[in-house]
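S.K.: Below you will find the structure I want to go over with you.
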Amino acid sequence: MISPYPGLPEFEYIKPASLIEASRFLAEHAGQARPFMGGTDTFVRLRDGFWKEKYIVDVKGLDGMNDITFDPAAGLTIGAAVNMNRVIASPEVEKRYPLLAEATHTVASYQLRTRATIVGNICNASPAGDTIGACLVLGGVLRVHGVDGLREEALSAFFRGPGTTVLKPGDIATAVIFPLPPKGCAARYIKLGRNAIGDLAIVGVTALGYPDGSSASGYRFRLALASVAPVPLVPAQAEAILAEKPVSEMTIAEAAEAAMQTCTPIDDVRGSARYRKLMVRNLTKRAITEVWEQVGRR
Amino acid sequence: MAFHRITLTVNGETELVDVPSNMTLLQMLREKLVLTGTKNGCAAGECGACTVILNGEPVNSCMVLAVECDGAQITTVEGLAHDGQLDPVQAAIIEQGGVQCGFCTPGILISARALLDRNPAPSDYEIRDALVGNLCRCTGYLRIIDAVKDAAQRHNIAVA
């Protein structure tokens, strides 16, 4: 039930001094404790009674989580506490990962993005998460601190269902890491909302394309779809079509049709399943065409 | 539920406050410090009526815990005017007729101030983009956007 009272339910605020202490606390209080960053999803879920955690664990500011760094060999590392406005304003992101800035800019509003984080968007695991598609097609890997220490989780196998991931009690995502983008790539995120900016996605389509001598078509495309399945969806069949057949208007239409067939959307307040399916086809076609116009010309 | 003692600066004044874990920055401002200019609208980070400046950047104060603000610098709508002089965004929104019921106005003034602090000469698109998170059900927005443009011009004339 949605409470008319603006306050949050009772919980204890915990601020551990180290990642080890934080992971231990979260593991010892499994089911009762939850880590948070900006809290833009956490507080709404608590207030509306969907989450009933007894302990809210503030992990901002622990061990390098506030840094955004670029290394010409290793790529881009965005600490879990780096807010979205900092990602958009980063010169390295603008220059080398413009897709990330484009997708992040479609999230809510400036003041919400002062608090919201990319890693939070990933861990919240909403199928509608606007930045997740960009993170997937850019080959993102999550760095996770658990009770057994640090490990990495590829985003391609991270999502299990709406709001559920492979993370276990005690796990804290500390950063998301992106390898160097493929040479000569171009990318687009097209978001369909009920209004031009600020709303959640009815459908979101991310497309990234690049020349690749090892594929039959000479190109490879990576695609991700938002809000049309229980998890952020990679339409593998559509990607395969674009790698195998010479890229043309017809091939792009065929890939878009395949993307539509892959998705399994639901009816909700933002749009019907049928509308979403048709929009996946149309917007996938548009996104691939726009990317192709840039990549094919190079 | 535990209480936490925090020290923070609000509109230039140092404040020492005891806050429970679950108190939002919005509740602390309104209920503990009686700074009721900041409004509670949706309490979900969508309407922007509760916008304040936290360490130089605008935030929805309903989406921030008070306890997270230990050591923070906060500006609310009460802190915009100085020495009896309205901030240019305040003067402009009055003159341009950008206020009707007024409930969204404190949040809009804060978002506009924060925009002009980071970008003193915003384009129309940049103004609209910066105000996406501030809903207004009365004005239709056009006069608010005119007011922000007007405030930017006043500021730039004053600097030049």
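Chain labels run A, B, ... following the order of the structure tokens; each chain numbers its residues from 1, and ligands are numbered from 1 in the order shown.
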Give me, as a tab-separated table, the closest atom pair and its distance (Å, one decimal) for every residue of chain B within a cut-off of 10 Å of chain A, counting only C-alpha atoms, rows sorted by chain and rising number.

M.R.:
```
residue	atom	partner	partner_atom	distance
B:Met1	CA	A:Glu12	CA	6.1
B:Ala2	CA	A:Glu12	CA	6.5
B:Phe3	CA	A:Glu12	CA	9.1
B:His4	CA	A:Tyr13	CA	9.1
B:Pro20	CA	A:Glu12	CA	8.5
B:Ser21	CA	A:Tyr13	CA	5.2
B:Asn22	CA	A:Leu8	CA	5.7
B:Met23	CA	A:Gly7	CA	7.0
B:Thr24	CA	A:Gly7	CA	7.3
B:Leu26	CA	A:Pro6	CA	9.5
B:Gln27	CA	A:Gly7	CA	7.7
B:Asn40	CA	A:Pro6	CA	7.6
B:Gly41	CA	A:Pro6	CA	8.7
B:Cys42	CA	A:Pro6	CA	7.8
B:Ala43	CA	A:Pro6	CA	5.4
B:Ala44	CA	A:Val44	CA	5.8
B:Gly45	CA	A:Leu112	CA	6.6
B:Glu46	CA	A:Ala108	CA	7.8
B:Cys47	CA	A:Ser109	CA	9.7
B:Gly48	CA	A:Gln111	CA	7.9
B:Thr51	CA	A:Gln111	CA	7.4
B:Val52	CA	A:Gln111	CA	8.9
B:Ile53	CA	A:Gln111	CA	9.1
B:Leu54	CA	A:Thr114	CA	9.4
B:Glu57	CA	A:Thr114	CA	6.8
B:Pro58	CA	A:Gln111	CA	5.1
B:Val59	CA	A:Gln111	CA	4.4
B:Asn60	CA	A:Gln111	CA	6.1
B:Ser61	CA	A:Gln111	CA	9.5
B:Cys62	CA	A:Pro6	CA	8.1
B:Met63	CA	A:Thr40	CA	6.0
B:Val64	CA	A:Gly39	CA	7.3
B:Leu65	CA	A:Gly39	CA	8.8
B:Val67	CA	A:Tyr13	CA	8.1
B:Glu68	CA	A:Asp58	CA	8.6
B:Ser111	CA	A:Gln111	CA	7.8
B:Ala114	CA	A:Gln111	CA	9.7
B:Leu115	CA	A:Tyr110	CA	9.5
B:Arg128	CA	A:Ile197	CA	9.8
B:Asp129	CA	A:Tyr110	CA	7.8
B:Ala130	CA	A:Tyr110	CA	6.0
B:Leu131	CA	A:Ser109	CA	7.7
B:Val132	CA	A:Ser109	CA	5.6
B:Gly133	CA	A:Ser109	CA	4.6
B:Asn134	CA	A:Ser109	CA	8.4
```

S.K.: I want to know what sits within 7 Å of segment 219-226 of chain A, based on only C-alpha atoms, with residues of the same chain fewer than 4 positions away left out; could you give that as JSON, numbers by chain?

M.R.: {"A": [127, 128, 129, 133, 137, 203, 204, 205, 206, 207, 208, 209, 210, 211, 212, 215, 232, 233, 234, 235, 239, 242, 243]}

S.K.: Would you give me, as a ChimeraX atom specification, the residues in segment 6-153 of chain B that DSSP reads as strand (DSSP E)?

M.R.: /B:6-10,13-20,51-54,57-60,73-75

S.K.: Mind writing the picked residues with C-alpha atoms as a PDB file, in the first residue's frame?

M.R.:
```
ATOM      1  CA  ILE B   6      24.903  15.740  12.928  1.00  0.00           C
ATOM      2  CA  THR B   7      26.437  19.140  12.262  1.00  0.00           C
ATOM      3  CA  LEU B   8      25.740  20.902   9.001  1.00  0.00           C
ATOM      4  CA  THR B   9      25.600  24.369   7.481  1.00  0.00           C
ATOM      5  CA  VAL B  10      22.207  25.547   6.293  1.00  0.00           C
ATOM      6  CA  GLU B  13      24.298  29.005   9.679  1.00  0.00           C
ATOM      7  CA  THR B  14      25.880  26.079  11.515  1.00  0.00           C
ATOM      8  CA  GLU B  15      23.227  23.727  12.884  1.00  0.00           C
ATOM      9  CA  LEU B  16      23.548  20.877  15.372  1.00  0.00           C
ATOM     10  CA  VAL B  17      20.642  18.441  15.048  1.00  0.00           C
ATOM     11  CA  ASP B  18      19.677  15.052  16.462  1.00  0.00           C
ATOM     12  CA  VAL B  19      17.955  13.020  13.760  1.00  0.00           C
ATOM     13  CA  PRO B  20      16.475   9.516  13.696  1.00  0.00           C
ATOM     14  CA  THR B  51      14.714  20.627  -4.251  1.00  0.00           C
ATOM     15  CA  VAL B  52      17.599  22.117  -2.228  1.00  0.00           C
ATOM     16  CA  ILE B  53      21.271  22.612  -2.983  1.00  0.00           C
ATOM     17  CA  LEU B  54      23.468  20.033  -1.215  1.00  0.00           C
ATOM     18  CA  GLU B  57      24.394  20.503  -6.484  1.00  0.00           C
ATOM     19  CA  PRO B  58      20.583  20.349  -6.478  1.00  0.00           C
ATOM     20  CA  VAL B  59      18.958  17.261  -4.939  1.00  0.00           C
ATOM     21  CA  ASN B  60      15.445  16.114  -4.072  1.00  0.00           C
ATOM     22  CA  GLN B  73      26.496  22.662   3.082  1.00  0.00           C
ATOM     23  CA  ILE B  74      22.848  23.236   2.245  1.00  0.00           C
ATOM     24  CA  THR B  75      21.030  26.115   0.582  1.00  0.00           C
TER      25      THR B  75
END
```

S.K.: Give me, please, the distance in Å between atom CA of Pro35 of chain A and atom CA of Val144 of chain A, quoted to one decimal.

M.R.: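 Answer for the atom CA of Pro35 of chain A to atom CA of Val144 of chain A separation: 12.5 Å.
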
S.K.: Using DSSP assignments from the backbone, pull out every residue in segment 25-239 of chain A that falls under alpha helix (DSSP H) and give it to me as a ChimeraX atom specification.

M.R.: /A:25-28,42-47,84-89,91-96,98-105,110-113,118-124,132-137,236-239

S.K.: Write out, as a short mmCIF file (atom, residue, chain, number, x, y, z; two decimals), in the first residue's frame, the residues just selected, with C-alpha atoms.

M.R.:
```
data_model
loop_
_atom_site.label_atom_id
_atom_site.label_comp_id
_atom_site.auth_asym_id
_atom_site.auth_seq_id
_atom_site.Cartn_x
_atom_site.Cartn_y
_atom_site.Cartn_z
CA PHE A 25 27.42 -7.02 8.33
CA LEU A 26 25.30 -7.59 5.22
CA ALA A 27 26.00 -11.34 5.23
CA GLU A 28 25.29 -11.68 8.96
CA THR A 42 15.77 2.22 -2.20
CA PHE A 43 13.84 5.00 -0.43
CA VAL A 44 10.86 4.78 -2.77
CA ARG A 45 10.65 1.00 -2.26
CA LEU A 46 10.97 1.34 1.52
CA ARG A 47 8.41 4.12 1.72
CA MET A 84 25.14 10.15 -12.96
CA ASN A 85 25.77 13.86 -13.53
CA ARG A 86 29.48 13.25 -13.02
CA VAL A 87 29.38 10.45 -15.60
CA ILE A 88 27.65 12.74 -18.12
CA ALA A 89 30.15 15.55 -17.45
CA PRO A 91 35.45 14.35 -20.63
CA GLU A 92 36.60 10.72 -21.05
CA VAL A 93 33.01 9.49 -21.19
CA GLU A 94 32.08 12.21 -23.68
CA LYS A 95 35.06 11.42 -25.89
CA ARG A 96 35.24 7.61 -25.78
CA PRO A 98 29.36 8.93 -25.63
CA LEU A 99 26.63 6.24 -25.59
CA LEU A 100 26.95 6.07 -21.82
CA ALA A 101 26.41 9.83 -21.49
CA GLU A 102 23.48 9.72 -23.94
CA ALA A 103 21.71 6.93 -22.05
CA THR A 104 22.45 8.38 -18.61
CA HIS A 105 21.05 11.75 -19.64
CA TYR A 110 19.14 16.65 -13.04
CA GLN A 111 18.48 16.71 -9.28
CA LEU A 112 17.73 12.99 -9.18
CA ARG A 113 20.91 12.29 -11.15
CA ILE A 118 25.09 3.81 -12.80
CA VAL A 119 26.03 0.92 -10.50
CA GLY A 120 22.81 1.47 -8.55
CA ASN A 121 20.84 1.43 -11.81
CA ILE A 122 22.48 -1.91 -12.68
CA CYS A 123 21.98 -3.49 -9.23
CA ASN A 124 18.36 -2.34 -9.04
CA ILE A 132 21.82 -0.94 -18.47
CA GLY A 133 21.60 -1.37 -22.26
CA ALA A 134 24.64 0.88 -22.75
CA CYS A 135 26.51 -1.04 -20.04
CA LEU A 136 25.67 -4.35 -21.75
CA VAL A 137 26.67 -3.39 -25.30
CA ALA A 236 20.96 -12.56 -30.02
CA GLN A 237 19.13 -13.66 -33.17
CA ALA A 238 18.99 -10.07 -34.45
CA GLU A 239 22.71 -9.62 -33.73
#
```

S.K.: Quote the spacing between atom CA of Ala287 of chain A and atom CA of Ala187 of chain A in Å to one decimal place.

M.R.: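 Separation of atom CA of Ala287 of chain A and atom CA of Ala187 of chain A: 8.2 Å.
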
S.K.: Kindly give the distance, in Å, that separates atom CA of Ile145 of chain B and atom CA of Ile93 of chain B, rounded to a single decimal.

M.R.: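 These two atoms are separated by 9.0 Å.
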
S.K.: Please determine, counting only C-alpha atoms, which residue among A:Asn195, A:Thr77, A:Ser90, A:Gln294 has the shortest atom-to-atom distance to Ile177 of chain A.

M.R.: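 Residue with the minimum atom-to-atom distance to Ile177 of chain A: A:Thr77.
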
S.K.: For Ala157 of chain A, which of A:Val59, A:Ile78, A:Val231, A:Val107 is the closest residue, counting only C-alpha atoms?

M.R.: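 Smallest distance to Ala157 of chain A is found for A:Val231.
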
S.K.: In terms of the shortest atom-to-atom distance over only C-alpha atoms, which of A:Lys191, A:Glu249, A:Thr264, A:Pro179 is closest to Phe70 of chain A?

M.R.: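 Closest candidate: A:Pro179.
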
S.K.: Quick one: everything within 9 Å of Lys168 of chain A, counting only C-alpha atoms, minus sequence neighbours fewer than 2 positions away in the same chain. Send it as number ranges by chain.

M.R.: A: 27, 30, 146, 165-166, 170-172

S.K.: Would you export the selected residues with C-alpha atoms as a short mmCIF file (atom, residue, chain, number, x, y, z; two decimals), in the first residue's frame, please?

M.R.:
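Listed below is the output, result_33.cif:
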```
data_model
loop_
_atom_site.label_atom_id
_atom_site.label_comp_id
_atom_site.auth_asym_id
_atom_site.auth_seq_id
_atom_site.Cartn_x
_atom_site.Cartn_y
_atom_site.Cartn_z
CA ALA A 27 26.00 -11.34 5.23
CA ALA A 30 20.91 -11.54 5.27
CA GLY A 146 31.73 -10.15 -1.02
CA THR A 165 20.62 -10.54 -9.89
CA VAL A 166 23.41 -13.01 -9.17
CA GLY A 170 27.23 -9.66 1.70
CA ASP A 171 27.92 -8.60 -1.89
CA ILE A 172 28.57 -4.93 -2.63
#
```

S.K.: Closest to Cys69 of chain B among B:Tyr125, B:Arg5, B:Leu35, B:Cys50, using only C-alpha atoms?

M.R.: B:Arg5

S.K.: List the spatial neighbours of Gln90 of chain B as a PyMOL selection string - criterion: any atom at most 12 Å away, only C-alpha atoms, same-chain residues fewer than 2 positions off excluded.

M.R.: chain B and resi 77-82+85-88+92-99+105-113+144+147-148+150-152+154

S.K.: Name the closest residue to Val269 of chain A among the candidates A:Ala201, A:Ile288, A:Ala253, A:Ala216; distances are taken between atoms, counting only C-alpha atoms.

M.R.: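 Looking only at the distances to Val269 of chain A, the closest residue turns out to be A:Ala201.
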
S.K.: Fewer than 6 positions away in the same chain doesn't count, so skip those; otherwise give me all residues within 10 Å of Glu153 of chain A, counting only C-alpha atoms, as a PyMOL selection string.

M.R.: chain A and resi 140-144+166-167+173+176
